Each structure stands twice: as C-alpha cells, then as structure tokens.
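Q: Please see the structure below; I have some questions.
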Amino acid sequence: MDTATRVFSVRDLVTESDSETDPKPDPKPEPEPEPEDDPAEAPEAGEGGGRSGAAEDAEQSEGPAAEEARDARDADDAEDGEKPATDAKADAGTADAPEPGAKAKTAEPKDPETETPGSEAPKAGVDAETEASEAEAEPAVDRPTAVFKKPRPAVDQPTTMLKLGGAAKDAAKGGAKVAPKPGEGGEGKGGAKPAPKPAESEAERTSKFVALKPLDAPKPESAAPAVPKAEPTAPTARTTPAARPGFERTTQQPLPPKPPLDLLAELTNTPPPPETPLRTTMRRVKIWTPLVLLLLVVFAVVQALRPLPAPALALTAKDTYAFDGGTLSLPWPDEGQGWMDVQGVGAMGRFGAQKPVAIGSVAKTMTSYIILRDHPLKVGQEGPKIEIDPTAEKEGGYDKGGESTLNTVKAGQSLTEKQALSAVMIPSANNIARLLARWDAGSEAAFVKKMNDTAKELGMTNTTYTDPSGLKETTVSTAEDQVKLGNQVVQNPALVAITSAASWTDPSGKNWPNWNELPYRMGAIGIKTGSTTAAGGNLLFAARKKVGGETVTIVGAILGQHKGPSILGTANAVSKTALEAAKEALTSAKILKKGDVVGYVDDKLGGHTPVVVTEDVTAVGWAGSRVKLSFAADQVPHSAKAGTKVGTLTVGEGGAGGAIKVPVALRQDLGEPDFLAKLTRIS
C-alpha cells in the first residue's frame, strides 16, 4: 500500500467519527497558501538518501526557539478546542510497536495538523545504510500529490469532541522534544540531526472530554504568529491507524413537535408568555374568527342563490257567508224520497231515507249522458247516423205489452244521434236505448259496465245499473245520487236542448209528447221521468232562475210515488210544487264590494301583498243557508305590478257549475323578497 494513503491525523479521525453521526455534508475545503520557502530547500519526492540525513539534522538541530513556537501552538489549540491530540488506548502500544524483524522507518518532521497518532518514533541506532536500502526497496512517492488535508467540518453543537492537544504540551514541558515542522530544521538550515521522539506516557495517551464552546463565541486570537507551512521533504513513513476512542456514538433522535408559540420563541430567542385564561381565549378568538367569517360568507351566498319558494294566495276574508233567517222547509210529498240542490251553492232540502230503490226509465239519463260524452254534439247538430237493426225493430212492437218503445222504425232505416237521443229522453223508447248501447259499446252488457263505472266516477255510491233502459227492477238508485247526475246533465247544452222540449217528432212524422210536464208547464229544463209498478212514479227535474244578476240552476229528484190515479202524474205534480217553492226561496246578497281586500300573496319568506276583488261579489242562497268562499290561485309570479290578476275568488261549491267566480288582483306592486329575508330563511 502507498505510504501516503495511510497518513491520518487525530483531527481526521475525530472528524470522520463526527461525520458518521452528523449527516451534514463537509464544507468545500479551501486551498492552503503555498509555503514561502525556497523550493530548492525542499527535497523532491524520491530522493531517499537526502531524506534520512535531513530528518536527522532537523531532529538534532531543534532548539529552544522551536520548542517555544510549538508550545504556543499547543496553547492555541487547547484554547480553540478544535485540534484533537493523538488518541490512543492503554493497549494501543502494541499496535505502534514494529513487528519482529521489520525494518525501522525514519521519522520525518510533520505538521501537527497532519501528524497521526499511530506514527512510529524512529529507533536509535539505525545507520544510514539501513535507511538507504529501505529507500531503495520502497518506491518513491510524489509528495505533493500523496498528502491530503481533509477540511475541517462545522461542529454540530450537540456532539462531543476529544481533545488531546494538551498531551503534546505536557510532553514538551516534561523535557520531551517535539519534532520540528518542515522547514524549521534539516539540511541547509543548521544541519543538526533531531533527537528521537520519546514514547508517550499513559497520561498522554488518555483522552479527556472538553465541552464545546457556543458557535457564536468569538475565536480568541492566537498567542503566537502563524508559522508558514512547508511541503514535507520526504515520503511519510508507513503508519497504522490508531484505534478509535471508546466513546459512545451519539445519534439525533426526533423530538416531538413544539407548540407554535414555543417554536416562535425559540427562533426569536424570546421565551413564550405565560399561559393565562385571557390569552387562551384571545388565541382561540383569533383562530376561530376567520373560520366563522368564512362560513358566514358561504352561508350568505348559498342563501342568496337558493331558488325562491312559489308564492301562494291566502284568504283573509271570512270563508263563509250566512244568510239571515231560519231553516227553509220545502213542501215535500208524504211518501218516497226526494232531494233538492241549488247548483254551486249546496243542498236546499231533502226528505225520506236515501235508500236504493228502483228508478225505472230515469236510468235512461245515464244512457244519454254516456252517449253524448263519448260522441259529443253541439246544439243543433244531428250527429252520425245509426242503423236500425232487426232487434230494434222487433223490440219496437213491445209497446203492445205496455212497454214504452219507438214502434215506427224498421230494420235498415237509420236515425241520427240527436234523433235517437230524443226518442230515448222524450217518449222514453226502450228499444232505441238498447240500440244506442250496442252501437256505442258493442253489446248491452259492455255498456252497462260503462254505466256503473261512470256512476262511481260521479260519486253515486248507492246506484247500480243492470240494463240501459231501466226496465229491470234491479236497476236501483237514490234521489241524492240522481241529483248528482242531474248536475252534470244540465252542463251539457246539447242534452238540455233535448230534455227541455215539450215534444218530439220522429222521422216518420209522428209527434211524441214529453212525459215530463214541467218544461211546458213552468219552463223547466228537464230532465227525465220513469215509472214502473215496482218503482212507482219518479222524476228527475231541473229549472233555472235569475237571482241578483246571477242565473241559478235548481236540480231535484222525487222517487217512489205510488198514489193517485196516475203515478207518473203524481210525480209531476209533487215535483212542480217543490220546485216552485225552491225558486221562491232563492235570494241574493252583496257580500263584497269592488276593491275589498280578501287576501294576500304570501311569498313564503314573510312578505304579504294584499289582493282585492275586481268587481262586486253577490252570493245566492236562502234563509239560513251558508255560502262558502275560497281562493283558486293562478300562476303567481315573484314580482308583478299592481292590478295583475293572480287568482279567482269562488263563492259556493267550487266543483259545481253554478258557483260564482270573481277575479282577484294585486292592490300594490309585488316584489321579490329582500336579501335579509333570503338570508334568514330556514326551509
């Protein structure tokens, strides 16, 4: 191995130990200044003969001046605490001793910074021939390229350092001579041969712990002037690295994170203020206030951008109006059952138990209603032609057995829809009612099913149909249910035009009078009679009257009249009496004037905009009756001008056709809710 690669100083060993524990990279070494000595004085590498003589002369010629300079440098090193002395253990002497039979190597002057602890002292008595032969045996080393000086790294404060600089100083004081630096002695400077260096004592080899100075402490000035360093005059003798000191390696363990205030105090060298409830509260306020403000801003934006709820109309006026007077009592017959209703207002009166009974030909009202619903006609239209089939012609002859039929029709002929309906509602032709059922549904059974389904739709819960004509006793209903059907019939102008006729002339020219006498006796508008032995005399009737500027329709039914010479005549008579009394009992009252506030538009966020009626409101009733008031809203906008129509005020039963309806409008401008209302809404 090349001798130059085994040269280490105590400083290098300690630095290497520190670098293993300290992961920080070494700073870039700075080039050292060239020595000012004459190059001629330093021998070149490879001059083995000149090397031994120069070294001996340097050792012998070392005088008091060199010792004083070395003492000054040692004192400077001891004060700086940076230059470690030679470390060695008690048993390291064996490593320094030369092997048996090995040749002794000549010691050379070294810089204290490059002197290694394991350097062997030259033995006395070695002659020049031995040195010369050894120099010839070993290859020459290029001195300037073989000696390396490791830069001094920054010292980490928590680590420790071994300081051995005092050992050399003690040895010097005890009389031991320190080898001079290159350039201080040797050949050409005095010619004196330096004395051999004595072996180190146990005390000198012992390491001692020196506490590190703070990094920011000023470095004391050196007691002695710096001595220029010279290049070595000869190759360094082969050395053995000294054993490392027995100190325990230190490691940096991760510390738990410190509180922010302690960290700030550590950076600013200011201790954290003491914790107090007030400081804790203020710190929490400073932390949470921005978060709360951010949440409030987000909440405000979301509330402002949320869709607005749909406005609604609310009624502030009374929802009912009561007419003065006692309870109305109509002149009802003493048998059967009856029901009287004012369309759009409510029930005017009733009598008898509303139990299902046979109704006879009154069932043809449902047959005609379904035909016009499925095949609608306008007033005056005849509609499609319906061919007379053989069954209709055959059943036309049943009149001889007392059944109501149209006996003038023949198979192959045809009737228009209007003519067929007239034959069913005025002369009550059973054969034509069955013909219409087959024409509409394909069979009488299918049509009967449609009749019962329609009855359920109209709320006729006590009604059952088993045939289109009502001839069968199993077709039953109540007066109340038939009035429900009559309220729908009077809303069909084409059907009212047929039922209000006093008579009808068939295609053959025969005139058929209406079995219902009320149209031509008192101007009634229908509707249908029915009579059988089981059912007795029955009549579903309707009439109109103008009251207080409003046209009112009265619908009534009387069933189960079995008295008198003619049960059908009795039904007409008692119905006429009850209908006339009902028309006389009707009255009107102005309950609201134009511009009266009847409600408001609720924007669902606390805003109310009043609404008013656009015209006078008149209610129709009778003594003791109560009329309902209700709102029906249009598409209410979020903002609108005053006078905009926003709904309708309904007086009476809204589902019936005779209810009075008056528009309502905004009394003032309707605006969107303000920002505060949007912000504070919850749902």
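Order determines the names: the first chain of the structure tokens is A, the second B, and so forth; residues in each chain are numbered 1 upward, and ligands are numbered 1 upward as they are shown.
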Using only C-alpha atoms, which residues sit within 10 Å of Asn431 in chain A once same-chain residues fewer than 2 positions away are excluded, as JSON, numbers by chain?
A: {"A": [391, 392, 393, 394, 395, 396, 397, 398, 399, 403, 404, 405, 406, 407, 409, 423, 424, 428, 429, 433, 434, 435, 436, 468, 469]}
Q: DSSP on the backbone, then: every residue of range 370-438 of chain A marked helix (DSSP H, G or I), written as number ranges by chain.
A: A: 370-374, 390-401, 417-425, 430-438
Q: Would you mind listing what lies within 12 Å of Gln413 in chain A as a list in words, with only C-alpha atoms counted and same-chain residues fewer than 6 positions away left out?
A: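 These residues fall inside the cut-off: Lys385, Ile386, Glu387, Ile388, Asp389, Pro390, Ala392, Glu393, Pro507 and Ser508 of chain A.
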Q: Kindly save the residues from that selection, with N, CA, C and O atoms included, as a tab-separated table (two decimals), in the first residue's frame.
A:
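In the end it all went to out.tsv:
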```tsv
chain	number	residue	atom	x	y	z
A	385	LYS	N	-125.25	8.92	-38.26
A	385	LYS	CA	-126.45	8.09	-38.44
A	385	LYS	C	-126.23	6.71	-37.82
A	385	LYS	O	-125.16	6.13	-37.92
A	386	ILE	N	-127.32	6.23	-37.22
A	386	ILE	CA	-127.28	4.93	-36.56
A	386	ILE	C	-128.30	4.04	-37.24
A	386	ILE	O	-129.51	4.36	-37.29
A	387	GLU	N	-127.83	2.90	-37.76
A	387	GLU	CA	-128.73	2.00	-38.49
A	387	GLU	C	-129.60	1.20	-37.53
A	387	GLU	O	-129.14	0.73	-36.50
A	388	ILE	N	-130.87	1.07	-37.91
A	388	ILE	CA	-131.83	0.29	-37.12
A	388	ILE	C	-131.59	-1.19	-37.43
A	388	ILE	O	-131.71	-1.63	-38.58
A	389	ASP	N	-131.29	-1.96	-36.44
A	389	ASP	CA	-131.08	-3.39	-36.64
A	389	ASP	C	-132.39	-4.15	-36.41
A	389	ASP	O	-133.38	-3.58	-35.90
A	390	PRO	N	-132.46	-5.41	-36.78
A	390	PRO	CA	-133.71	-6.18	-36.60
A	390	PRO	C	-134.17	-6.26	-35.16
A	390	PRO	O	-135.37	-6.30	-34.88
A	392	ALA	N	-133.90	-3.94	-32.85
A	392	ALA	CA	-134.60	-2.69	-32.52
A	392	ALA	C	-135.99	-2.67	-33.14
A	392	ALA	O	-136.95	-2.18	-32.52
A	393	GLU	N	-136.10	-3.19	-34.37
A	393	GLU	CA	-137.42	-3.24	-35.00
A	393	GLU	C	-138.33	-4.19	-34.24
A	393	GLU	O	-139.52	-3.89	-34.00
A	507	PRO	N	-138.85	10.57	-37.49
A	507	PRO	CA	-138.66	10.69	-38.95
A	507	PRO	C	-139.91	10.33	-39.76
A	507	PRO	O	-140.09	10.81	-40.89
A	508	SER	N	-140.76	9.51	-39.15
A	508	SER	CA	-141.99	9.15	-39.88
A	508	SER	C	-143.05	10.24	-39.80
A	508	SER	O	-144.08	10.18	-40.46
```
Q: Quick check, in Å to one decimal: how far apart do CA of Gly671 in chain A and CA of Ser639 in chain A lie?
A: 4.5 Å
Q: Find the residues near Val357 in chain A: any atom within 10 Å, counting only C-alpha atoms, skip ones fewer than 3 places away on the same chain, and give them as a list of chain:residue names.
A: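 Everything that qualifies: A:Gly336, A:Gln337, A:Gln354, A:Gly360, A:Asn462, A:Thr463, A:Thr464, A:Glu473, A:Thr474, A:Thr475, A:Val476, A:Ser477, A:Thr478, A:Ala479, A:Ala534, A:Ala535, A:Gly536, A:Leu559, A:Gly560.
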Q: Residues at most 10 Å from range 502-505 of chain A, counting only C-alpha atoms, excluding those fewer than 3 positions away in the same chain, as a ChimeraX atom specification?
A: /A:419,422-423,425-427,498-499,508-521,523-526
Q: Using N, CA and C atoms, can you write the selected residues to a file as an mmCIF file, in the first residue's frame?
A:
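Output below, filename result17.cif:
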```
data_model
loop_
_atom_site.group_PDB
_atom_site.id
_atom_site.type_symbol
_atom_site.label_atom_id
_atom_site.label_comp_id
_atom_site.auth_asym_id
_atom_site.auth_seq_id
_atom_site.Cartn_x
_atom_site.Cartn_y
_atom_site.Cartn_z
ATOM 1 N N GLN A 419 -131.642 12.339 -33.078
ATOM 2 C CA GLN A 419 -132.979 11.731 -33.139
ATOM 3 C C GLN A 419 -133.082 10.556 -32.181
ATOM 4 N N SER A 422 -133.370 11.921 -28.660
ATOM 5 C CA SER A 422 -134.708 12.490 -28.451
ATOM 6 C C SER A 422 -135.722 11.391 -28.214
ATOM 7 N N ALA A 423 -135.608 10.260 -28.977
ATOM 8 C CA ALA A 423 -136.528 9.141 -28.789
ATOM 9 C C ALA A 423 -136.373 8.525 -27.414
ATOM 10 N N MET A 425 -135.215 10.227 -24.526
ATOM 11 C CA MET A 425 -135.498 11.147 -23.434
ATOM 12 C C MET A 425 -136.938 11.674 -23.434
ATOM 13 N N ILE A 426 -137.610 11.722 -24.593
ATOM 14 C CA ILE A 426 -138.976 12.283 -24.607
ATOM 15 C C ILE A 426 -140.030 11.176 -24.584
ATOM 16 N N PRO A 427 -140.160 10.305 -25.582
ATOM 17 C CA PRO A 427 -141.149 9.227 -25.464
ATOM 18 C C PRO A 427 -140.651 8.038 -24.665
ATOM 19 N N ILE A 498 -132.492 18.991 -25.694
ATOM 20 C CA ILE A 498 -133.389 17.867 -25.978
ATOM 21 C C ILE A 498 -134.387 17.681 -24.845
ATOM 22 N N THR A 499 -133.884 17.692 -23.588
ATOM 23 C CA THR A 499 -134.751 17.390 -22.452
ATOM 24 C C THR A 499 -135.738 18.511 -22.132
ATOM 25 N N SER A 508 -140.763 9.508 -39.151
ATOM 26 C CA SER A 508 -141.992 9.149 -39.877
ATOM 27 C C SER A 508 -143.049 10.240 -39.798
ATOM 28 N N GLY A 509 -142.835 11.248 -38.953
ATOM 29 C CA GLY A 509 -143.760 12.356 -38.803
ATOM 30 C C GLY A 509 -144.662 12.263 -37.603
ATOM 31 N N LYS A 510 -144.497 11.240 -36.801
ATOM 32 C CA LYS A 510 -145.343 11.084 -35.633
ATOM 33 C C LYS A 510 -144.795 11.941 -34.490
ATOM 34 N N ASN A 511 -145.663 12.640 -33.786
ATOM 35 C CA ASN A 511 -145.261 13.520 -32.699
ATOM 36 C C ASN A 511 -145.404 12.778 -31.381
ATOM 37 N N TRP A 512 -144.364 12.923 -30.569
ATOM 38 C CA TRP A 512 -144.334 12.242 -29.289
ATOM 39 C C TRP A 512 -144.233 13.285 -28.180
ATOM 40 N N PRO A 513 -145.204 13.377 -27.249
ATOM 41 C CA PRO A 513 -145.125 14.372 -26.171
ATOM 42 C C PRO A 513 -144.118 13.928 -25.103
ATOM 43 N N ASN A 514 -143.628 14.924 -24.400
ATOM 44 C CA ASN A 514 -142.672 14.660 -23.322
ATOM 45 C C ASN A 514 -143.434 14.216 -22.089
ATOM 46 N N TRP A 515 -143.035 13.066 -21.480
ATOM 47 C CA TRP A 515 -143.695 12.588 -20.291
ATOM 48 C C TRP A 515 -143.456 13.520 -19.100
ATOM 49 N N ASN A 516 -142.412 14.347 -19.211
ATOM 50 C CA ASN A 516 -142.124 15.341 -18.164
ATOM 51 C C ASN A 516 -142.926 16.592 -18.491
ATOM 52 N N GLU A 517 -143.878 16.919 -17.641
ATOM 53 C CA GLU A 517 -144.758 18.055 -17.896
ATOM 54 C C GLU A 517 -144.161 19.395 -17.467
ATOM 55 N N LEU A 518 -143.123 19.391 -16.667
ATOM 56 C CA LEU A 518 -142.594 20.637 -16.108
ATOM 57 C C LEU A 518 -142.017 21.578 -17.168
ATOM 58 N N PRO A 519 -141.432 21.114 -18.253
ATOM 59 C CA PRO A 519 -140.912 22.076 -19.233
ATOM 60 C C PRO A 519 -141.994 22.960 -19.831
ATOM 61 N N TYR A 520 -143.086 22.429 -20.187
ATOM 62 C CA TYR A 520 -144.102 23.267 -20.818
ATOM 63 C C TYR A 520 -145.097 23.814 -19.820
ATOM 64 N N ARG A 521 -145.010 23.409 -18.536
ATOM 65 C CA ARG A 521 -145.902 23.967 -17.539
ATOM 66 C C ARG A 521 -145.249 25.116 -16.774
ATOM 67 N N GLY A 523 -141.583 26.012 -17.482
ATOM 68 C CA GLY A 523 -140.312 26.387 -18.101
ATOM 69 C C GLY A 523 -139.119 25.633 -17.576
ATOM 70 N N ALA A 524 -139.358 24.428 -17.063
ATOM 71 C CA ALA A 524 -138.242 23.619 -16.565
ATOM 72 C C ALA A 524 -137.386 23.140 -17.739
ATOM 73 N N ILE A 525 -136.221 22.680 -17.449
ATOM 74 C CA ILE A 525 -135.283 22.232 -18.491
ATOM 75 C C ILE A 525 -135.076 20.721 -18.444
ATOM 76 N N GLY A 526 -135.955 20.010 -17.894
ATOM 77 C CA GLY A 526 -135.827 18.556 -17.923
ATOM 78 C C GLY A 526 -136.136 17.965 -16.560
#
```
Q: Give me, as a PyMOL selection string, all polymer residues having an atom no more than 7 Å from range 340-343 of chain A, counting only C-alpha atoms and skipping those fewer than 6 positions away in the same chain.
A: chain A and resi 349-350+487+552-557+656-658
Q: Would you export the selected residues with N, CA and C atoms as a PDB file, in the first residue's frame, please?
A:
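Here's the written file again.pdb:
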```
ATOM      1  N   GLY A 349    -132.735  21.180   0.301  1.00  0.00           N
ATOM      2  CA  GLY A 349    -133.652  20.425   1.159  1.00  0.00           C
ATOM      3  C   GLY A 349    -133.686  18.965   0.744  1.00  0.00           C
ATOM      4  N   ARG A 350    -134.251  18.129   1.603  1.00  0.00           N
ATOM      5  CA  ARG A 350    -134.363  16.697   1.341  1.00  0.00           C
ATOM      6  C   ARG A 350    -135.500  16.129   2.173  1.00  0.00           C
ATOM      7  N   ASN A 487    -126.822  17.319 -12.045  1.00  0.00           N
ATOM      8  CA  ASN A 487    -125.926  18.470 -12.072  1.00  0.00           C
ATOM      9  C   ASN A 487    -124.937  18.389 -13.236  1.00  0.00           C
ATOM     10  N   VAL A 552    -129.262  30.967 -11.618  1.00  0.00           N
ATOM     11  CA  VAL A 552    -129.100  29.831 -10.715  1.00  0.00           C
ATOM     12  C   VAL A 552    -129.892  28.656 -11.267  1.00  0.00           C
ATOM     13  N   THR A 553    -129.275  27.442 -11.184  1.00  0.00           N
ATOM     14  CA  THR A 553    -129.931  26.220 -11.650  1.00  0.00           C
ATOM     15  C   THR A 553    -130.300  25.375 -10.447  1.00  0.00           C
ATOM     16  N   ILE A 554    -131.572  24.964 -10.438  1.00  0.00           N
ATOM     17  CA  ILE A 554    -132.068  24.101  -9.358  1.00  0.00           C
ATOM     18  C   ILE A 554    -132.256  22.709  -9.936  1.00  0.00           C
ATOM     19  N   VAL A 555    -131.753  21.701  -9.263  1.00  0.00           N
ATOM     20  CA  VAL A 555    -131.875  20.302  -9.696  1.00  0.00           C
ATOM     21  C   VAL A 555    -132.482  19.529  -8.536  1.00  0.00           C
ATOM     22  N   GLY A 556    -133.535  18.745  -8.846  1.00  0.00           N
ATOM     23  CA  GLY A 556    -134.197  17.963  -7.807  1.00  0.00           C
ATOM     24  C   GLY A 556    -134.644  16.622  -8.341  1.00  0.00           C
ATOM     25  N   ALA A 557    -134.984  15.724  -7.413  1.00  0.00           N
ATOM     26  CA  ALA A 557    -135.484  14.399  -7.767  1.00  0.00           C
ATOM     27  C   ALA A 557    -136.444  13.943  -6.694  1.00  0.00           C
ATOM     28  N   ALA A 656    -119.200  22.469  -8.452  1.00  0.00           N
ATOM     29  CA  ALA A 656    -120.453  22.560  -9.198  1.00  0.00           C
ATOM     30  C   ALA A 656    -120.370  23.663 -10.231  1.00  0.00           C
ATOM     31  N   GLY A 657    -121.171  23.541 -11.255  1.00  0.00           N
ATOM     32  CA  GLY A 657    -121.147  24.513 -12.337  1.00  0.00           C
ATOM     33  C   GLY A 657    -121.767  25.842 -11.983  1.00  0.00           C
ATOM     34  N   GLY A 658    -122.602  25.924 -10.942  1.00  0.00           N
ATOM     35  CA  GLY A 658    -123.302  27.155 -10.633  1.00  0.00           C
ATOM     36  C   GLY A 658    -122.593  28.055  -9.653  1.00  0.00           C
TER      37      GLY A 658
END
```
Q: Of the residues A:Thr609, A:Ser443, A:Asn492, A:Gln253, which is the one nearest to Pro376 in chain A, using only C-alpha atoms?
A: A:Asn492
Q: Distance CA of Leu313 in chain A-CA of Val611 in chain A, one decimal place?
A: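 Computed distance, CA of Leu313 in chain A to CA of Val611 in chain A, equals 8.7 Å.
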Q: Which residues come within 8 Å of Gly599 in chain A, counting only C-alpha atoms, excluding same-chain residues fewer than 6 positions away, as a PyMOL selection string?
A: chain A and resi 313-317+610-612
Q: Save out the residues we just selected, N, CA and C atoms, as a tab-separated table (two decimals), in the first residue's frame.
A:
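Output (again05.tsv):
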```tsv
chain	number	residue	atom	x	y	z
A	313	LEU	N	-101.69	32.12	-2.54
A	313	LEU	CA	-102.77	33.02	-2.13
A	313	LEU	C	-103.34	32.56	-0.80
A	314	ALA	N	-103.57	33.50	0.06
A	314	ALA	CA	-104.18	33.22	1.36
A	314	ALA	C	-105.41	34.10	1.53
A	315	LEU	N	-106.50	33.50	2.02
A	315	LEU	CA	-107.76	34.21	2.20
A	315	LEU	C	-107.80	34.85	3.58
A	316	THR	N	-108.09	36.14	3.60
A	316	THR	CA	-108.24	36.84	4.88
A	316	THR	C	-109.70	37.12	5.20
A	317	ALA	N	-110.55	37.16	4.16
A	317	ALA	CA	-111.98	37.36	4.40
A	317	ALA	C	-112.58	36.10	5.01
A	610	PRO	N	-101.30	42.47	-0.41
A	610	PRO	CA	-102.77	42.32	-0.40
A	610	PRO	C	-103.34	42.18	-1.81
A	611	VAL	N	-104.45	41.44	-1.90
A	611	VAL	CA	-105.19	41.28	-3.15
A	611	VAL	C	-106.63	41.71	-2.91
A	612	VAL	N	-107.28	42.21	-3.97
A	612	VAL	CA	-108.64	42.73	-3.87
A	612	VAL	C	-109.50	42.11	-4.96
```
